[in-house]
Structures are given as C-alpha cells and as structure tokens.
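J.: My file is coords.tsv. It has TSV, C-alpha atoms:
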chain	number	residue	atom	x	y	z
U	1	MET	CA	56.41	185.28	73.18
U	2	SER	CA	58.62	182.61	71.61
U	3	ALA	CA	59.97	179.55	73.37
U	4	PRO	CA	63.44	179.90	74.87
U	5	SER	CA	66.32	178.86	72.65
U	6	VAL	CA	67.57	175.35	73.35
U	7	ASP	CA	71.21	174.46	72.77
U	8	PRO	CA	71.33	170.68	72.33
U	9	SER	CA	75.13	170.62	72.75
U	10	THR	CA	74.72	171.49	76.44
U	11	MET	CA	72.07	168.83	77.10
U	12	THR	CA	72.31	165.12	77.73
U	13	GLY	CA	70.69	162.84	75.17
U	14	MET	CA	67.87	162.15	77.63
U	15	GLN	CA	67.26	165.90	78.05
U	16	GLN	CA	67.20	166.31	74.25
U	17	LEU	CA	64.61	163.54	73.84
U	18	ARG	CA	62.48	164.93	76.69
U	19	ALA	CA	62.54	168.36	75.00
U	20	VAL	CA	61.10	166.75	71.85
U	21	VAL	CA	58.47	164.74	73.78
U	22	ASP	CA	57.47	167.82	75.81
U	23	GLY	CA	57.19	169.98	72.66
U	24	HIS	CA	60.02	172.37	73.57
U	25	VAL	CA	61.78	171.57	70.31
U	26	PRO	CA	60.19	170.35	67.07
U	27	ALA	CA	60.04	166.64	66.39
U	28	PRO	CA	62.53	165.41	63.79
U	29	GLY	CA	61.27	165.71	60.22
U	30	ILE	CA	61.14	161.93	59.76
U	31	SER	CA	58.50	161.76	62.51
U	32	THR	CA	56.25	164.12	60.61
U	33	LEU	CA	56.97	162.54	57.23
U	34	MET	CA	56.16	159.03	58.47
U	35	GLY	CA	53.22	160.06	60.66
U	36	MET	CA	54.67	158.78	63.93
U	37	VAL	CA	52.06	159.51	66.56
U	38	ASP	CA	54.19	159.59	69.69
U	39	MET	CA	57.50	158.86	71.35
U	40	GLU	CA	57.73	157.41	74.84
U	41	ILE	CA	60.85	157.55	76.96
U	42	LEU	CA	60.49	154.40	79.03
U	43	GLU	CA	63.80	154.80	80.88
U	44	GLU	CA	67.41	155.58	80.06
U	45	GLY	CA	68.28	153.14	77.29
U	46	SER	CA	64.68	152.38	76.29
U	47	VAL	CA	62.45	154.37	73.95
U	48	ALA	CA	59.24	153.51	72.07
U	49	VAL	CA	57.72	155.07	68.95
U	50	SER	CA	54.28	154.41	67.49
U	51	LEU	CA	52.48	154.77	64.18
U	52	VAL	CA	48.98	154.12	62.91
U	53	PRO	CA	49.44	152.61	59.43
U	54	GLY	CA	47.50	154.16	56.59
U	55	PRO	CA	47.28	153.75	52.83
U	56	GLN	CA	50.09	156.29	52.42
U	57	HIS	CA	52.43	153.66	53.92
U	58	TYR	CA	51.49	150.97	51.39
U	59	ASN	CA	53.69	149.34	48.78
U	60	PRO	CA	52.33	148.14	45.40
U	61	ILE	CA	51.26	144.75	46.82
U	62	GLY	CA	48.82	146.27	49.30
U	63	SER	CA	50.68	146.15	52.61
U	64	VAL	CA	52.82	148.53	54.61
U	65	HIS	CA	56.19	149.04	52.92
U	66	GLY	CA	59.15	147.40	54.67
U	67	GLY	CA	60.84	150.78	54.85
U	68	VAL	CA	58.20	151.84	57.37
U	69	HIS	CA	59.05	148.84	59.56
U	70	ALA	CA	62.74	149.69	59.20
U	71	THR	CA	62.24	153.37	60.02
U	72	LEU	CA	60.29	152.60	63.19
U	73	LEU	CA	62.81	150.00	64.34
U	74	ASP	CA	65.80	152.19	63.46
U	75	THR	CA	64.25	155.11	65.35
U	76	ALA	CA	63.57	153.00	68.45
U	77	CYS	CA	67.11	151.56	68.44
U	78	ALA	CA	68.80	154.89	67.78
U	79	CYS	CA	66.77	156.84	70.32
U	80	SER	CA	67.55	154.20	72.94
U	81	VAL	CA	71.23	154.93	72.32
U	82	HIS	CA	70.52	158.69	72.14
U	83	SER	CA	69.04	158.58	75.65
U	84	THR	CA	72.49	157.63	77.04
U	85	LEU	CA	74.53	160.44	75.47
U	86	ALA	CA	76.51	162.88	77.58
U	87	PRO	CA	76.38	166.59	76.68
U	88	GLY	CA	78.16	167.17	73.37
U	89	GLU	CA	78.24	163.50	72.37
U	90	THR	CA	76.56	162.46	69.12
U	91	TYR	CA	76.22	159.15	67.33
U	92	THR	CA	75.58	157.61	63.97
U	93	SER	CA	74.16	154.24	63.01
U	94	LEU	CA	76.68	151.73	61.72
U	95	ASP	CA	74.17	149.07	60.72
U	96	LEU	CA	70.61	147.88	61.04
U	97	THR	CA	69.71	144.19	60.83
U	98	LEU	CA	66.01	143.57	60.42
U	99	LYS	CA	63.78	140.51	60.40
U	100	PHE	CA	60.26	140.84	59.01
U	101	LEU	CA	57.92	138.38	60.71
U	102	ARG	CA	54.39	139.51	59.79
U	103	GLY	CA	52.88	141.93	57.32
U	104	ILE	CA	51.17	145.13	58.41
U	105	THR	CA	48.03	146.66	56.88
U	106	VAL	CA	45.63	149.38	57.97
U	107	ASP	CA	43.65	146.61	59.68
U	108	THR	CA	46.63	145.92	61.97
U	109	GLY	CA	46.00	149.22	63.75
U	110	ARG	CA	48.53	151.08	65.83
U	111	VAL	CA	52.02	149.54	65.90
U	112	ARG	CA	54.73	150.28	68.43
U	113	ALA	CA	58.50	149.83	68.20
U	114	VAL	CA	60.17	149.41	71.58
U	115	GLY	CA	63.92	149.89	71.60
U	116	SER	CA	66.35	148.87	74.29
U	117	LEU	CA	70.04	149.33	74.77
U	118	LEU	CA	71.94	146.04	74.98
U	119	GLN	CA	75.46	147.42	75.46
U	120	ARG	CA	77.01	150.87	75.63
U	121	GLY	CA	80.75	151.40	75.50
U	122	ARG	CA	82.86	154.50	75.09
U	123	ARG	CA	82.80	154.36	71.26
U	124	THR	CA	80.03	151.92	70.28
U	125	ALA	CA	76.59	150.88	71.39
U	126	LEU	CA	74.31	147.98	70.49
U	127	ALA	CA	70.53	148.24	70.65
U	128	GLN	CA	67.56	146.10	69.68
U	129	ALA	CA	63.92	146.87	68.94
U	130	ARG	CA	60.68	144.92	68.66
U	131	LEU	CA	57.81	146.07	66.44
U	132	GLU	CA	54.50	144.90	67.89
U	133	ASP	CA	50.79	145.32	67.30
U	134	ALA	CA	48.37	146.43	70.04
U	135	SER	CA	48.03	142.86	71.34
U	136	GLY	CA	51.81	142.47	71.68
U	137	ARG	CA	52.20	140.23	68.63
U	138	LEU	CA	55.74	140.50	67.23
U	139	LEU	CA	55.74	141.91	63.67
U	140	ALA	CA	59.46	142.56	63.14
U	141	HIS	CA	62.70	142.68	65.10
U	142	ALA	CA	65.96	144.59	64.61
U	143	THR	CA	69.40	145.14	66.04
U	144	SER	CA	71.56	148.18	65.41
U	145	SER	CA	75.15	149.16	66.14
U	146	CYS	CA	75.93	152.83	66.65
U	147	LEU	CA	79.20	154.74	66.70
U	148	ILE	CA	79.46	157.18	69.61
U	149	LEU	CA	81.18	160.42	68.62
U	150	PRO	CA	82.86	162.49	71.36
U	151	PRO	CA	82.21	166.19	71.78
U	152	PRO	CA	84.25	168.40	69.44
U	153	ALA	CA	87.55	169.56	70.93
Write the structure described by the file as structure tokens, please.

T.:
Amino acid sequence: MSAPSVDPSTMTGMQQLRAVVDGHVPAPGISTLMGMVDMEILEEGSVAVSLVPGPQHYNPIGSVHGGVHATLLDTACACSVHSTLAPGETYTSLDLTLKFLRGITVDTGRVRAVGSLLQRGRRTALAQARLEDASGRLLAHATSSCLILPPPA
C-alpha cells in the first residue's frame, strides 16, 4: 500500500517540513546529493541541518569546499523561513551573505547548521545561521533575505 498523497499547497510550511522529517514525503534532492544526515525542527522559525564531511566534499586543496558550507547555511536559513509559511505561500532566497571562519575536513566530524528567523514581514523575511562543529565551535555564519510569495489567486 502506498503512502497517502500529500498536497503541499494545503499545508503550512511547518507541516511541510514535518512531513519531510517524518518520511511522509521524500527529502529534497539537495539533501541526498550533499549527504545531509538529518533535519531538526527546533521550533517555528528555527531549523537545523547536519552533515558528516567526507572526501566527496573536498576541494582541490584538501578541505571541504565552501559550497558545502554555503549549502548547509542556506538550507538552515531558508528552512527557518519555510517553517513560518501559511498554506499556499512560497518563498525564494534574495541573497546569502556568508563568512567563513574555520576550515572543515573529515577530521572535523559532524557539522550542524542552525538557522533562526530574525524578522518576518508580509513580503520579506531575514534569517541567520551558524555552522558549528560537535563542540559548538563556530565554523561559518550567514544571513539570508527571502521574498515571501503569496498564494496564487
């Protein structure tokens, strides 16, 4: 028996994220591609994603590519905004500003990006995310602005 069909347009953003976390809908392709190991919904406006870095994430100089940092931070920011959406609302990122503070290698172990909503208006939202190692050491930081799109008429 197959899982019941889920219509995301009738769900809040929080319900959509919970459906992914609970396995009722497939994780986004980027999660699989990057090897993200889990998503945590901490509360409305705060989401965390984790990854265990491997050699497949390396750049030519022998450390994790900055695009991996950016993807984790962008995901944490965006999902924090996503958790606040009303049924039918969508969003798109307007920008991502990122500061790299420390390199990551396989020896770093599991890293976790924790996103939090800073401000949500009717048409825009601002979120931030911190990328940390298992001991809480800050590896990178980002802010992101998102455009909130109303439900189609």

J.: What lies within 6 Å of stretch 52-69 of chain U using only C-alpha atoms, ignoring chain neighbours under 3 positions off, as a list in words?

T.: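 The residues that qualify are Leu72, Ile104, Thr105, Val106, Gly109 and Arg110 of chain U.
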
J.: I'd like to know which of U:Leu98, U:Leu126, U:Ala48, U:Cys79 is closest to U:Pro28, using all atoms listed in the file.

T.: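 Among the listed residues, the smallest separation from U:Pro28 belongs to U:Cys79.
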
J.: Would you compute the distance between atom CA of U:Gln16 and atom CA of U:Ala134? Give it in Å to one decimal.

T.: 27.7 Å

J.: Can you pull out every residue within 7 Å of U:Tyr91, counting all atoms listed in the file, but drop anything in the same chain fewer than 4 positions away, and send it as a list of chain:residue names?

T.: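 My reading of the contact set: U:Cys146, U:Leu147, U:Ile148, U:Leu149.
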
J.: Any idea what's packed within 8 Å of U:Ala86, counting all atoms listed in the file, ignoring anything in its chain fewer than 3 positions away? Could you give it as a list of chain:residue names?

T.: U:Met11, U:Thr12, U:Gly13, U:Glu89

J.: Using C-alpha atoms, can you write the selected residues to a file as a PDB file, in the coordinates of the input?

T.:
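And here is the file that came out, part32.pdb:
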ATOM      1  CA  MET U  11      72.070 168.830  77.100  1.00  0.00           C
ATOM      2  CA  THR U  12      72.310 165.120  77.730  1.00  0.00           C
ATOM      3  CA  GLY U  13      70.690 162.840  75.170  1.00  0.00           C
ATOM      4  CA  GLU U  89      78.240 163.500  72.370  1.00  0.00           C
TER       5      GLU U  89
END

J.: Using all atoms listed in the file for the distances, tell me which of U:Asp133, U:Asp7, U:Asp107, U:Asp22 is nearest to U:Ser50.

T.: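 For U:Ser50, the nearest of the candidates is U:Asp133.
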
J.: Go ahead and compute the interatomic distance for atom CA of U:Val49 and atom CA of U:Arg122, in Å to one decimal.

T.: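 Atom-to-atom, atom CA of U:Val49 to atom CA of U:Arg122, that is 25.9 Å.
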
J.: Which residue out of U:Val37, U:Ala127, U:Val111, U:Leu42 has the minimum interatomic distance to U:Ser93 when only C-alpha atoms are used?

T.: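 Closest residue, counting only C-alpha atoms: U:Ala127.
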
J.: When you draw a straight line from atom CA of U:Ser135 to atom CA of U:Ser46, how long is it in Å?

T.: 19.8 Å

J.: Rank nothing, just name the residue among U:Glu44, U:Asp74, U:Glu132, U:Asp95 nearest to U:Ile30, using only C-alpha atoms.

T.: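 Going through U:Glu44, U:Asp74, U:Glu132, U:Asp95 one by one, the smallest distance to U:Ile30 is for U:Asp74.
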
J.: If we count all atoms listed in the file, what is near U:Cys77 at a cut-off of 7 Å, once residues fewer than 5 positions away on the same chain are taken out, given as a PyMOL selection string?

T.: chain U and resi 115-116+127-129+144

J.: Identify which of the residues U:Ala27, U:Leu33, U:Leu138, U:Leu17 lies closest to U:Phe100, counting all atoms listed in the file when measuring atom-to-atom distances.

T.: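 Checking each of U:Ala27, U:Leu33, U:Leu138, U:Leu17 against U:Phe100, counting all atoms listed in the file, the winner is U:Leu138.
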
J.: Counting all atoms listed in the file, which of U:Leu51, U:Ala113, U:Leu94, U:Leu85 gets nearest to U:Ser9?

T.: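 Distance minimum relative to U:Ser9 lands on U:Leu85.
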